[in-house]
>>> print(open('upload15.pdb').read())   # PDB, C-alpha atoms and all ligand atoms
ATOM      1  CA  MET A   1    -106.557  90.003 -40.213
ATOM      2  CA  VAL A   2    -102.870  89.132 -40.374
ATOM      3  CA  GLN A   3    -100.864  90.999 -43.045
ATOM      4  CA  LEU A   4     -99.180  88.593 -45.450
ATOM      5  CA  ILE A   5     -95.692  89.828 -46.365
ATOM      6  CA  ASP A   6     -95.466  88.951 -50.039
ATOM      7  CA  GLY A   7     -91.890  88.133 -51.000
ATOM      8  CA  LYS A   8     -92.900  87.017 -54.469
ATOM      9  CA  THR A   9     -94.325  90.423 -55.411
ATOM     10  CA  ILE A  10     -91.604  92.429 -53.616
ATOM     11  CA  SER A  11     -88.765  90.421 -55.182
ATOM     12  CA  LYS A  12     -90.341  90.965 -58.627
ATOM     13  CA  GLN A  13     -90.531  94.731 -57.943
ATOM     14  CA  ILE A  14     -86.830  94.771 -57.028
ATOM     15  CA  LYS A  15     -85.844  92.746 -60.096
ATOM     16  CA  ASP A  16     -87.863  95.060 -62.353
ATOM     17  CA  GLU A  17     -86.186  98.134 -60.827
ATOM     18  CA  LEU A  18     -82.788  96.506 -61.383
ATOM     19  CA  LYS A  19     -83.700  95.620 -64.966
ATOM     20  CA  GLU A  20     -84.333  99.319 -65.652
ATOM     21  CA  GLN A  21     -81.052 100.339 -63.997
ATOM     22  CA  VAL A  22     -79.135  97.742 -66.004
ATOM     23  CA  ALA A  23     -80.734  98.976 -69.247
ATOM     24  CA  GLU A  24     -79.697 102.568 -68.387
ATOM     25  CA  LEU A  25     -76.149 101.442 -67.590
ATOM     26  CA  SER A  26     -76.004  99.402 -70.763
ATOM     27  CA  ALA A  27     -77.046 102.466 -72.808
ATOM     28  CA  LYS A  28     -73.987 104.215 -71.328
ATOM     29  CA  GLY A  29     -71.803 101.273 -72.304
ATOM     30  CA  VAL A  30     -71.531  99.815 -68.759
ATOM     31  CA  LYS A  31     -71.973  96.035 -68.648
ATOM     32  CA  ILE A  32     -72.431  93.941 -65.522
ATOM     33  CA  CYS A  33     -71.125  90.403 -65.363
ATOM     34  CA  LEU A  34     -71.466  87.725 -62.667
ATOM     35  CA  ALA A  35     -69.215  84.651 -62.634
ATOM     36  CA  VAL A  36     -70.926  81.641 -61.056
ATOM     37  CA  ILE A  37     -68.788  78.669 -60.020
ATOM     38  CA  GLN A  38     -70.201  75.298 -59.029
ATOM     39  CA  VAL A  39     -67.961  72.421 -57.974
ATOM     40  CA  GLY A  40     -69.559  68.981 -58.267
ATOM     41  CA  ASN A  41     -73.181  68.325 -59.178
ATOM     42  CA  ASP A  42     -75.183  68.419 -55.976
ATOM     43  CA  PRO A  43     -78.794  68.580 -57.286
ATOM     44  CA  ALA A  44     -79.908  71.328 -54.845
ATOM     45  CA  SER A  45     -76.879  73.461 -55.777
ATOM     46  CA  SER A  46     -77.640  72.953 -59.477
ATOM     47  CA  VAL A  47     -81.188  74.271 -58.918
ATOM     48  CA  TYR A  48     -79.867  77.338 -57.017
ATOM     49  CA  VAL A  49     -77.231  78.042 -59.682
ATOM     50  CA  GLY A  50     -79.833  77.636 -62.455
ATOM     51  CA  ASN A  51     -82.167  80.116 -60.707
ATOM     52  CA  LYS A  52     -79.335  82.637 -60.303
ATOM     53  CA  LYS A  53     -78.465  82.413 -63.994
ATOM     54  CA  LYS A  54     -82.152  82.808 -64.920
ATOM     55  CA  ALA A  55     -82.416  85.932 -62.759
ATOM     56  CA  CYS A  56     -79.284  87.379 -64.429
ATOM     57  CA  ALA A  57     -80.822  86.777 -67.858
ATOM     58  CA  TYR A  58     -84.103  88.448 -66.796
ATOM     59  CA  ILE A  59     -82.352  91.562 -65.506
ATOM     60  CA  GLY A  60     -79.783  91.820 -68.300
ATOM     61  CA  ILE A  61     -76.698  90.853 -66.299
ATOM     62  CA  ASP A  62     -74.184  88.700 -68.197
ATOM     63  CA  SER A  63     -73.378  85.454 -66.439
ATOM     64  CA  LEU A  64     -70.315  83.290 -66.864
ATOM     65  CA  SER A  65     -70.819  79.732 -65.780
ATOM     66  CA  TYR A  66     -68.054  77.464 -64.461
ATOM     67  CA  GLU A  67     -69.286  73.923 -63.801
ATOM     68  CA  LEU A  68     -66.278  72.144 -62.342
ATOM     69  CA  PRO A  69     -66.043  68.416 -61.619
ATOM     70  CA  GLU A  70     -66.305  67.105 -58.030
ATOM     71  CA  GLU A  71     -62.591  66.180 -58.030
ATOM     72  CA  THR A  72     -61.444  69.780 -58.722
ATOM     73  CA  THR A  73     -58.618  70.579 -56.298
ATOM     74  CA  GLU A  74     -58.574  73.518 -53.919
ATOM     75  CA  LYS A  75     -55.560  74.866 -55.816
ATOM     76  CA  GLU A  76     -57.425  74.751 -59.139
ATOM     77  CA  LEU A  77     -60.416  76.541 -57.649
ATOM     78  CA  LEU A  78     -58.188  79.202 -56.052
ATOM     79  CA  GLU A  79     -56.464  79.726 -59.418
ATOM     80  CA  LEU A  80     -59.798  80.273 -61.159
ATOM     81  CA  ILE A  81     -60.902  82.756 -58.468
ATOM     82  CA  ASP A  82     -57.577  84.595 -58.836
ATOM     83  CA  LYS A  83     -58.072  84.815 -62.597
ATOM     84  CA  LEU A  84     -61.622  86.171 -62.172
ATOM     85  CA  ASN A  85     -60.466  88.632 -59.470
ATOM     86  CA  LYS A  86     -58.040  90.100 -62.020
ATOM     87  CA  ASP A  87     -60.554  90.165 -64.907
ATOM     88  CA  ASP A  88     -61.929  93.718 -65.231
ATOM     89  CA  ALA A  89     -64.924  92.428 -67.202
ATOM     90  CA  VAL A  90     -66.132  90.445 -64.163
ATOM     91  CA  ASN A  91     -68.019  92.432 -61.494
ATOM     92  CA  GLY A  92     -69.124  89.669 -59.164
ATOM     93  CA  ILE A  93     -67.864  86.181 -58.255
ATOM     94  CA  LEU A  94     -70.093  83.600 -56.634
ATOM     95  CA  VAL A  95     -68.942  80.158 -55.522
ATOM     96  CA  GLN A  96     -72.008  78.024 -54.819
ATOM     97  CA  LEU A  97     -71.715  76.559 -51.311
ATOM     98  CA  PRO A  98     -71.237  73.984 -49.971
ATOM     99  CA  VAL A  99     -68.059  73.008 -51.822
ATOM    100  CA  PRO A 100     -66.868  69.363 -51.651
ATOM    101  CA  LYS A 101     -65.303  68.377 -48.313
ATOM    102  CA  HIS A 102     -61.691  68.306 -49.603
ATOM    103  CA  ILE A 103     -61.887  72.080 -50.262
ATOM    104  CA  ASP A 104     -61.564  74.556 -47.377
ATOM    105  CA  GLU A 105     -64.668  76.761 -47.604
ATOM    106  CA  ASP A 106     -63.161  79.581 -45.506
ATOM    107  CA  LYS A 107     -60.119  79.752 -47.797
ATOM    108  CA  ILE A 108     -62.404  80.053 -50.834
ATOM    109  CA  ILE A 109     -64.522  82.791 -49.239
ATOM    110  CA  LYS A 110     -61.374  84.752 -48.346
ATOM    111  CA  ALA A 111     -59.897  84.311 -51.842
ATOM    112  CA  ILE A 112     -62.732  86.230 -53.535
ATOM    113  CA  SER A 113     -61.887  89.931 -53.826
ATOM    114  CA  PRO A 114     -64.050  91.951 -51.389
ATOM    115  CA  LEU A 115     -64.768  94.184 -54.419
ATOM    116  CA  LYS A 116     -66.456  91.232 -56.182
ATOM    117  CA  ASP A 117     -67.883  89.449 -53.113
ATOM    118  CA  VAL A 118     -71.561  89.612 -54.153
ATOM    119  CA  ASP A 119     -72.528  86.983 -51.546
ATOM    120  CA  GLY A 120     -71.195  89.279 -48.802
ATOM    121  CA  PHE A 121     -69.415  86.419 -47.003
ATOM    122  CA  HIS A 122     -65.818  87.779 -47.045
ATOM    123  CA  PRO A 123     -64.553  88.835 -43.580
ATOM    124  CA  MET A 124     -63.953  92.353 -44.999
ATOM    125  CA  SER A 125     -67.583  92.607 -46.155
ATOM    126  CA  VAL A 126     -68.800  91.408 -42.741
ATOM    127  CA  GLY A 127     -66.462  93.864 -40.992
ATOM    128  CA  ALA A 128     -67.636  96.744 -43.206
ATOM    129  CA  LEU A 129     -71.244  95.943 -42.326
ATOM    130  CA  SER A 130     -70.490  95.941 -38.599
ATOM    131  CA  ILE A 131     -68.815  99.371 -38.697
ATOM    132  CA  GLY A 132     -71.250 100.943 -41.148
ATOM    133  CA  GLN A 133     -68.934 101.177 -44.146
ATOM    134  CA  PRO A 134     -69.887 100.435 -47.763
ATOM    135  CA  GLY A 135     -69.584  96.785 -48.741
ATOM    136  CA  PHE A 136     -71.618  93.822 -49.896
ATOM    137  CA  VAL A 137     -74.274  92.542 -47.486
ATOM    138  CA  SER A 138     -75.318  88.895 -47.199
ATOM    139  CA  CYS A 139     -78.343  88.482 -49.493
ATOM    140  CA  THR A 140     -80.927  86.732 -47.283
ATOM    141  CA  PRO A 141     -80.783  89.209 -44.356
ATOM    142  CA  ALA A 142     -80.619  92.135 -46.803
ATOM    143  CA  GLY A 143     -83.787  90.710 -48.360
ATOM    144  CA  VAL A 144     -85.515  90.631 -44.967
ATOM    145  CA  ILE A 145     -84.836  94.361 -44.506
ATOM    146  CA  GLN A 146     -86.378  95.050 -47.933
ATOM    147  CA  LEU A 147     -89.436  92.943 -47.032
ATOM    148  CA  LEU A 148     -89.957  94.992 -43.872
ATOM    149  CA  LYS A 149     -89.369  98.371 -45.511
ATOM    150  CA  ARG A 150     -91.494  97.689 -48.563
ATOM    151  CA  SER A 151     -94.334  96.340 -46.387
ATOM    152  CA  GLY A 152     -94.407  99.571 -44.381
ATOM    153  CA  ILE A 153     -93.077  97.988 -41.173
ATOM    154  CA  GLU A 154     -91.069 100.463 -39.079
ATOM    155  CA  ILE A 155     -87.821  99.090 -37.600
ATOM    156  CA  ALA A 156     -86.438 102.117 -35.708
ATOM    157  CA  GLY A 157     -86.980 101.840 -31.963
ATOM    158  CA  LYS A 158     -88.617  98.404 -32.242
ATOM    159  CA  GLU A 159     -87.713  95.350 -30.153
ATOM    160  CA  CYS A 160     -86.159  92.998 -32.725
ATOM    161  CA  VAL A 161     -85.349  89.404 -31.817
ATOM    162  CA  VAL A 162     -83.311  87.218 -34.179
ATOM    163  CA  ILE A 163     -83.259  83.469 -33.511
ATOM    164  CA  GLY A 164     -80.061  82.002 -35.009
ATOM    165  CA  ARG A 165     -76.486  83.261 -35.074
ATOM    166  CA  SER A 166     -75.088  81.808 -38.307
ATOM    167  CA  ASN A 167     -72.570  83.864 -40.272
ATOM    168  CA  ILE A 168     -74.810  84.039 -43.339
ATOM    169  CA  VAL A 169     -78.171  84.781 -41.729
ATOM    170  CA  GLY A 170     -78.411  85.395 -37.969
ATOM    171  CA  LYS A 171     -75.376  87.624 -37.364
ATOM    172  CA  PRO A 172     -75.690  89.891 -40.436
ATOM    173  CA  MET A 173     -79.459  90.063 -39.790
ATOM    174  CA  ALA A 174     -78.817  91.427 -36.312
ATOM    175  CA  MET A 175     -76.275  93.968 -37.648
ATOM    176  CA  LEU A 176     -78.733  95.178 -40.301
ATOM    177  CA  LEU A 177     -81.596  95.594 -37.817
ATOM    178  CA  LEU A 178     -79.199  97.526 -35.578
ATOM    179  CA  ARG A 179     -78.212  99.704 -38.551
ATOM    180  CA  GLU A 180     -81.936 100.458 -38.979
ATOM    181  CA  ASN A 181     -82.035 101.545 -35.307
ATOM    182  CA  GLY A 182     -83.852  98.490 -33.944
ATOM    183  CA  THR A 183     -83.143  97.285 -30.387
ATOM    184  CA  VAL A 184     -81.711  93.892 -31.182
ATOM    185  CA  THR A 185     -81.465  90.628 -29.237
ATOM    186  CA  ILE A 186     -79.837  87.513 -30.739
ATOM    187  CA  CYS A 187     -81.019  84.099 -29.515
ATOM    188  CA  HIS A 188     -79.366  80.744 -30.191
ATOM    189  CA  SER A 189     -79.328  77.125 -29.084
ATOM    190  CA  LYS A 190     -77.994  78.036 -25.609
ATOM    191  CA  THR A 191     -80.495  80.839 -24.938
ATOM    192  CA  LYS A 192     -82.458  80.366 -21.719
ATOM    193  CA  ASP A 193     -86.198  81.141 -21.755
ATOM    194  CA  LEU A 194     -86.327  81.429 -25.558
ATOM    195  CA  LYS A 195     -90.101  81.822 -25.440
ATOM    196  CA  GLU A 196     -89.981  84.731 -23.026
ATOM    197  CA  VAL A 197     -87.330  86.554 -25.079
ATOM    198  CA  CYS A 198     -89.277  85.995 -28.321
ATOM    199  CA  LYS A 199     -92.467  87.313 -26.731
ATOM    200  CA  ARG A 200     -90.767  90.692 -26.244
ATOM    201  CA  ALA A 201     -90.288  91.043 -29.995
ATOM    202  CA  ASP A 202     -92.121  93.550 -32.164
ATOM    203  CA  ILE A 203     -90.160  91.990 -35.038
ATOM    204  CA  LEU A 204     -89.193  88.322 -34.731
ATOM    205  CA  VAL A 205     -86.792  86.902 -37.346
ATOM    206  CA  VAL A 206     -86.566  83.122 -37.226
ATOM    207  CA  ALA A 207     -83.504  81.386 -38.757
ATOM    208  CA  ILE A 208     -83.111  78.201 -36.731
ATOM    209  CA  GLY A 209     -83.222  75.423 -39.302
ATOM    210  CA  ARG A 210     -85.923  73.439 -37.413
ATOM    211  CA  PRO A 211     -89.248  72.860 -39.170
ATOM    212  CA  LYS A 212     -92.279  74.601 -37.619
ATOM    213  CA  MET A 213     -90.557  75.107 -34.228
ATOM    214  CA  ILE A 214     -91.982  78.574 -33.555
ATOM    215  CA  ASP A 215     -95.716  78.580 -32.870
ATOM    216  CA  ALA A 216     -98.130  81.173 -31.477
ATOM    217  CA  SER A 217     -96.844  80.670 -27.925
ATOM    218  CA  TYR A 218     -93.552  82.426 -28.863
ATOM    219  CA  ILE A 219     -95.232  85.448 -30.431
ATOM    220  CA  LYS A 220     -96.528  88.716 -28.996
ATOM    221  CA  GLU A 221     -99.983  89.752 -30.236
ATOM    222  CA  GLY A 222     -99.543  91.886 -33.363
ATOM    223  CA  ALA A 223     -95.802  91.178 -33.844
ATOM    224  CA  THR A 224     -94.180  90.887 -37.266
ATOM    225  CA  VAL A 225     -92.807  87.389 -37.905
ATOM    226  CA  ILE A 226     -90.187  86.724 -40.580
ATOM    227  CA  ASP A 227     -89.539  83.057 -41.332
ATOM    228  CA  VAL A 228     -86.159  82.377 -42.964
ATOM    229  CA  GLY A 229     -86.348  78.566 -42.699
ATOM    230  CA  ILE A 230     -86.943  76.276 -45.668
ATOM    231  CA  HIS A 231     -87.796  72.603 -45.220
ATOM    232  CA  ARG A 232     -89.957  69.836 -46.645
ATOM    233  CA  ASP A 233     -92.556  68.549 -44.190
ATOM    234  CA  GLU A 234     -93.763  64.964 -43.778
ATOM    235  CA  ASN A 235     -96.036  65.416 -46.840
ATOM    236  CA  ASN A 236     -93.129  66.765 -48.919
ATOM    237  CA  LYS A 237     -94.655  70.265 -48.794
ATOM    238  CA  LEU A 238     -92.412  73.296 -48.266
ATOM    239  CA  CYS A 239     -92.547  74.776 -44.766
ATOM    240  CA  GLY A 240     -90.470  77.108 -42.617
ATOM    241  CA  ASP A 241     -89.105  77.307 -39.076
ATOM    242  CA  VAL A 242     -92.431  78.872 -38.058
ATOM    243  CA  ASP A 243     -95.686  76.971 -37.668
ATOM    244  CA  PHE A 244     -97.545  79.296 -40.030
ATOM    245  CA  GLU A 245    -101.059  78.167 -39.167
ATOM    246  CA  SER A 246    -100.574  78.704 -35.454
ATOM    247  CA  ALA A 247     -98.384  81.846 -35.687
ATOM    248  CA  SER A 248    -100.650  83.675 -38.130
ATOM    249  CA  LYS A 249    -103.447  83.653 -35.523
ATOM    250  CA  VAL A 250    -101.389  85.941 -33.243
ATOM    251  CA  ALA A 251     -98.970  87.800 -35.534
ATOM    252  CA  GLY A 252     -99.794  91.183 -37.049
ATOM    253  CA  ALA A 253     -97.749  90.426 -40.172
ATOM    254  CA  ILE A 254     -96.006  87.259 -41.329
ATOM    255  CA  THR A 255     -94.036  85.836 -44.245
ATOM    256  CA  PRO A 256     -95.348  82.625 -45.829
ATOM    257  CA  VAL A 257     -93.117  79.706 -46.888
ATOM    258  CA  PRO A 258     -92.845  79.479 -49.845
ATOM    259  CA  GLY A 259     -93.221  83.021 -51.180
ATOM    260  CA  GLY A 260     -91.725  84.995 -48.291
ATOM    261  CA  VAL A 261     -87.993  85.321 -47.656
ATOM    262  CA  GLY A 262     -86.988  82.690 -50.255
ATOM    263  CA  PRO A 263     -87.427  84.764 -53.466
ATOM    264  CA  MET A 264     -85.721  87.767 -51.827
ATOM    265  CA  THR A 265     -82.307  86.097 -51.633
ATOM    266  CA  ILE A 266     -81.807  86.007 -55.406
ATOM    267  CA  ALA A 267     -83.296  89.495 -55.839
ATOM    268  CA  MET A 268     -80.703  90.848 -53.386
ATOM    269  CA  LEU A 269     -77.919  88.910 -55.115
ATOM    270  CA  MET A 270     -78.918  90.711 -58.306
ATOM    271  CA  HIS A 271     -78.964  93.988 -56.361
ATOM    272  CA  ASN A 272     -75.409  93.290 -55.151
ATOM    273  CA  CYS A 273     -74.268  92.590 -58.728
ATOM    274  CA  VAL A 274     -75.627  95.954 -59.897
ATOM    275  CA  ASP A 275     -74.263  97.679 -56.780
ATOM    276  CA  SER A 276     -70.794  96.268 -57.549
ATOM    277  CA  ILE A 277     -70.139  99.284 -59.761
ATOM    278  CA  ASN A 278     -70.399 101.499 -56.628
ATOM    279  CA  ILE A 279     -68.221  99.383 -54.287
ATOM    280  CA  LYS A 280     -64.626 100.569 -54.432
TER     281      LYS A 280
HETATM  282  P1  LIG B 301     -77.562  77.300 -39.195
HETATM  283  O1  LIG B 301     -77.859  75.864 -38.916
HETATM  284  O2  LIG B 301     -76.202  77.712 -39.637
HETATM  285  O3  LIG B 301     -77.903  78.141 -37.881
HETATM  286  C1  LIG B 301     -79.014  77.866 -37.071
HETATM  287  C2  LIG B 301     -78.959  78.718 -35.847
HETATM  288  O4  LIG B 301     -80.099  78.423 -35.047
HETATM  289  C3  LIG B 301     -77.728  78.480 -34.971
HETATM  290  O5  LIG B 301     -77.093  79.715 -34.735
HETATM  291  C4  LIG B 301     -78.270  77.869 -33.677
HETATM  292  O6  LIG B 301     -77.621  78.414 -32.528
HETATM  293  C5  LIG B 301     -79.730  78.280 -33.690
HETATM  294  N1  LIG B 301     -80.558  77.242 -33.078
HETATM  295  C6  LIG B 301     -80.581  75.918 -33.394
HETATM  296  N2  LIG B 301     -81.466  75.275 -32.596
HETATM  297  C7  LIG B 301     -81.998  76.206 -31.774
HETATM  298  C8  LIG B 301     -82.951  76.167 -30.729
HETATM  299  N3  LIG B 301     -83.542  75.027 -30.379
HETATM  300  N4  LIG B 301     -83.241  77.312 -30.098
HETATM  301  C9  LIG B 301     -82.665  78.478 -30.453
HETATM  302  N5  LIG B 301     -81.757  78.579 -31.448
HETATM  303  C10 LIG B 301     -81.420  77.455 -32.086
HETATM  304  O7  LIG B 301     -78.687  77.772 -40.218
HETATM  305  P2  LIG B 301     -78.754  79.031 -41.233
HETATM  306  O8  LIG B 301     -77.819  78.808 -42.356
HETATM  307  O9  LIG B 301     -78.695  80.312 -40.479
HETATM  308  O10 LIG B 301     -80.226  78.829 -41.799
HETATM  309  C11 LIG B 301     -81.374  78.844 -40.975
HETATM  310  C12 LIG B 301     -82.579  78.413 -41.770
HETATM  311  O11 LIG B 301     -82.771  79.320 -42.836
HETATM  312  C13 LIG B 301     -82.483  77.038 -42.428
HETATM  313  O12 LIG B 301     -83.769  76.458 -42.440
HETATM  314  C14 LIG B 301     -82.041  77.341 -43.849
HETATM  315  O13 LIG B 301     -82.452  76.352 -44.764
HETATM  316  C15 LIG B 301     -82.757  78.634 -44.077
HETATM  317  N6  LIG B 301     -82.128  79.529 -45.057
HETATM  318  C16 LIG B 301     -82.941  80.102 -45.965
HETATM  319  C17 LIG B 301     -82.437  80.997 -46.891
HETATM  320  C18 LIG B 301     -83.369  81.637 -47.873
HETATM  321  O14 LIG B 301     -82.957  82.070 -48.912
HETATM  322  N7  LIG B 301     -84.631  81.743 -47.520
HETATM  323  C19 LIG B 301     -81.077  81.299 -46.903
HETATM  324  C20 LIG B 301     -80.251  80.733 -45.927
HETATM  325  C21 LIG B 301     -80.807  79.853 -45.000
END
>>> encode(input="upload15.pdb", output="structure tokens")
Amino acid sequence: MVQLIDGKTISKQIKDELKEQVAELSAKGVKICLAVIQVGNDPASSVYVGNKKKACAYIGIDSLSYELPEETTEKELLELIDKLNKDDAVNGILVQLPVPKHIDEDKIIKAISPLKDVDGFHPMSVGALSIGQPGFVSCTPAGVIQLLKRSGIEIAGKECVVIGRSNIVGKPMAMLLLRENGTVTICHSKTKDLKEVCKRADILVVAIGRPKMIDASYIKEGATVIDVGIHRDENNKLCGDVDFESASKVAGAITPVPGGVGPMTIAMLMHNCVDSINIK
């Protein structure tokens, strides 16, 4: 029987642990505060921002909400970030991406102090991860590591294949698996013989952005399959980059969509907010 890696339960465990930590900190007079900035009113972004604020409330983290109009200028946004960078009462700053096209996303990411970069997107955070120094780690790949560890899946010495090389998922995912002593291969749209490379994997992490692309024919018998993708299928049902029905016949362990990687992203964002008191 395939082992179902339950992101819903694991993310709840993490949030409950954080809730306890926050209560202990609060008893010592230490407060944690996340500033969340949204520019424009993209409906998907509003849902993500709402979920982040809900998670803060559950754990006991204060959240400051900045809902800025679509026509906010880059200069205005940079000024707000600068103000929050200087505010000692603010531990973390999150700008919900994507920002409107007239704002340079890279400039915004770089403007957030690496000491408050709870998304882990700042070049200094990425650099720290690659050389093993303390810093914030991108939430989705950090969540995948927690899923593996808390499901009893050993990473050290394992063949790990990551499909996707984006800055927010694929690349940090590969660095984290390497940090856990996996033997890591990164595949992307120009990889030759994708199937053959994937079939070497003991742990296959799929972050392609193509619905149900990875079926059983890409998977070694007994491998662990982590599906980062989120899509709506032709029946408007949520699905991932992995064809779950086919893959679960061969895999040893697999994440479902929904209920796998998805809930872990916010749990790890909350972890980063609490961890902000240790990042100096
Ligand atoms: P992206 O589009 O930035 O990157 C996709 C990567 O896949 C690229 O590096 C590309 O080289 C590779 N790729 C594309 N087609 C390929 C092919 N045919 N063969 C091999 N590689 C191919 O996407 P992303 O931001 O990394 O996100 C990936 C998926 O994960 C998306 O479905 C996204 O919605 C989802 N996602 C989920 C969460 C979450 O919280 N669960 C967070 C971020 C992203």
>>> resolve_selection(input="upload15.pdb", expression="the PyMOL selection byres (((chain A and resi 199) around 12) and not hetatm)", output="PyMOL selection string")
chain A and resi 159-162+185+193-198+200-204+214-225+250-251
>>> resolve_selection(input="upload15.pdb", expression="the PyMOL selection byres (((not hetatm)) within 6 of (chain B and resi 301))", output="PyMOL selection string")
chain A and resi 140+163-166+169-170+187-189+207-209+228-230+261-262+265
>>> residues_around(input="upload15.pdb", residues="Ser125 of chain A", least_positions_apart="5", cutoff="10 Å", atoms="all atoms listed in the file", output="compact mmCIF listing (two decimals) with C-alpha atoms, in the frame of the given file")
# COMPACT_ATOMS: atom_id res chain seq x y z
CA SER A 113 -61.89 89.93 -53.83
CA PRO A 114 -64.05 91.95 -51.39
CA LEU A 115 -64.77 94.18 -54.42
CA ASP A 117 -67.88 89.45 -53.11
CA VAL A 118 -71.56 89.61 -54.15
CA ASP A 119 -72.53 86.98 -51.55
CA GLY A 120 -71.19 89.28 -48.80
CA SER A 130 -70.49 95.94 -38.60
CA GLN A 133 -68.93 101.18 -44.15
CA PRO A 134 -69.89 100.44 -47.76
CA GLY A 135 -69.58 96.78 -48.74
CA PHE A 136 -71.62 93.82 -49.90
CA VAL A 137 -74.27 92.54 -47.49
CA SER A 138 -75.32 88.90 -47.20
>>> residues_around(input="upload15.pdb", residues="Val257 of chain A", least_positions_apart="4", cutoff="7 Å", atoms="only C-alpha atoms", output="VMD selection string")
chain A and resid 238 to 240
>>> residues_around(input="upload15.pdb", residues="Asn41 of chain A", least_positions_apart="5", cutoff="9 Å", atoms="only C-alpha atoms", output="list in words")
Ser46, Glu67, Leu68, Pro69 and Glu70 of chain A
>>> write_last_selection(input="upload15.pdb", atoms="C-alpha atoms", output="compact mmCIF listing (two decimals), in the frame of the given file")
# COMPACT_ATOMS: atom_id res chain seq x y z
CA SER A 46 -77.64 72.95 -59.48
CA GLU A 67 -69.29 73.92 -63.80
CA LEU A 68 -66.28 72.14 -62.34
CA PRO A 69 -66.04 68.42 -61.62
CA GLU A 70 -66.31 67.10 -58.03
>>> resolve_selection(input="upload15.pdb", expression="the PyMOL selection byres (((chain A and resi 85) around 12) and not hetatm)", output="list in words")
Leu34, Ala35, Leu78, Glu79, Leu80, Ile81, Asp82, Lys83, Leu84, Lys86, Asp87, Asp88, Ala89, Val90, Asn91, Gly92, Ile93, Leu94, Lys110, Ala111, Ile112, Ser113, Pro114, Leu115, Lys116 and Asp117 of chain A
>>> atom_distance(input="upload15.pdb", atom1="atom CA of Gly143 of chain A", atom2="atom CA of Ile5 of chain A")
12.1 Å
>>> closest_residue(input="upload15.pdb", among="A:Leu177, A:Ile108, A:Ile145, A:Ala267", to="Glu74 of chain A", atoms="all atoms listed in the file")
A:Ile108
>>> atom_distance(input="upload15.pdb", atom1="atom CA of Val36 of chain A", atom2="atom CA of Phe121 of chain A")
14.9 Å
>>> residues_around(input="upload15.pdb", residues="Met270 of chain A", least_positions_apart="3", cutoff="10 Å", atoms="only C-alpha atoms", output="MDAnalysis selection string")
chainID A and resid 14:15 18:19 34 52 55:56 59 61 92 118 139 264:267 273:276
>>> build_atoms(input="upload15.pdb", residues="segment 122-131 of chain A", atoms="N, CA, C and O atoms", output="compact mmCIF listing (two decimals), keeping the file's coordinate frame")
# COMPACT_ATOMS: atom_id res chain seq x y z
N HIS A 122 -67.23 87.52 -47.36
CA HIS A 122 -65.82 87.78 -47.04
C HIS A 122 -65.71 88.50 -45.70
O HIS A 122 -66.52 89.39 -45.40
N PRO A 123 -64.70 88.15 -44.88
CA PRO A 123 -64.55 88.84 -43.58
C PRO A 123 -64.52 90.37 -43.72
O PRO A 123 -65.01 91.07 -42.83
N MET A 124 -63.97 90.89 -44.83
CA MET A 124 -63.95 92.35 -45.00
C MET A 124 -65.36 92.91 -45.22
O MET A 124 -65.68 93.99 -44.76
N SER A 125 -66.20 92.15 -45.94
CA SER A 125 -67.58 92.61 -46.16
C SER A 125 -68.34 92.60 -44.82
O SER A 125 -69.09 93.53 -44.51
N VAL A 126 -68.12 91.53 -44.04
CA VAL A 126 -68.80 91.41 -42.74
C VAL A 126 -68.33 92.53 -41.81
O VAL A 126 -69.14 93.17 -41.11
N GLY A 127 -67.02 92.79 -41.83
CA GLY A 127 -66.46 93.86 -40.99
C GLY A 127 -67.03 95.22 -41.39
O GLY A 127 -67.41 96.02 -40.53
N ALA A 128 -67.11 95.46 -42.71
CA ALA A 128 -67.64 96.74 -43.21
C ALA A 128 -69.08 96.94 -42.73
O ALA A 128 -69.45 98.03 -42.30
N LEU A 129 -69.85 95.85 -42.78
CA LEU A 129 -71.24 95.94 -42.33
C LEU A 129 -71.29 96.33 -40.84
O LEU A 129 -72.07 97.18 -40.44
N SER A 130 -70.40 95.71 -40.04
CA SER A 130 -70.49 95.94 -38.60
C SER A 130 -70.03 97.34 -38.20
O SER A 130 -70.42 97.83 -37.16
N ILE A 131 -69.21 98.00 -39.05
CA ILE A 131 -68.82 99.37 -38.70
C ILE A 131 -69.46 100.41 -39.62
O ILE A 131 -69.04 101.56 -39.66
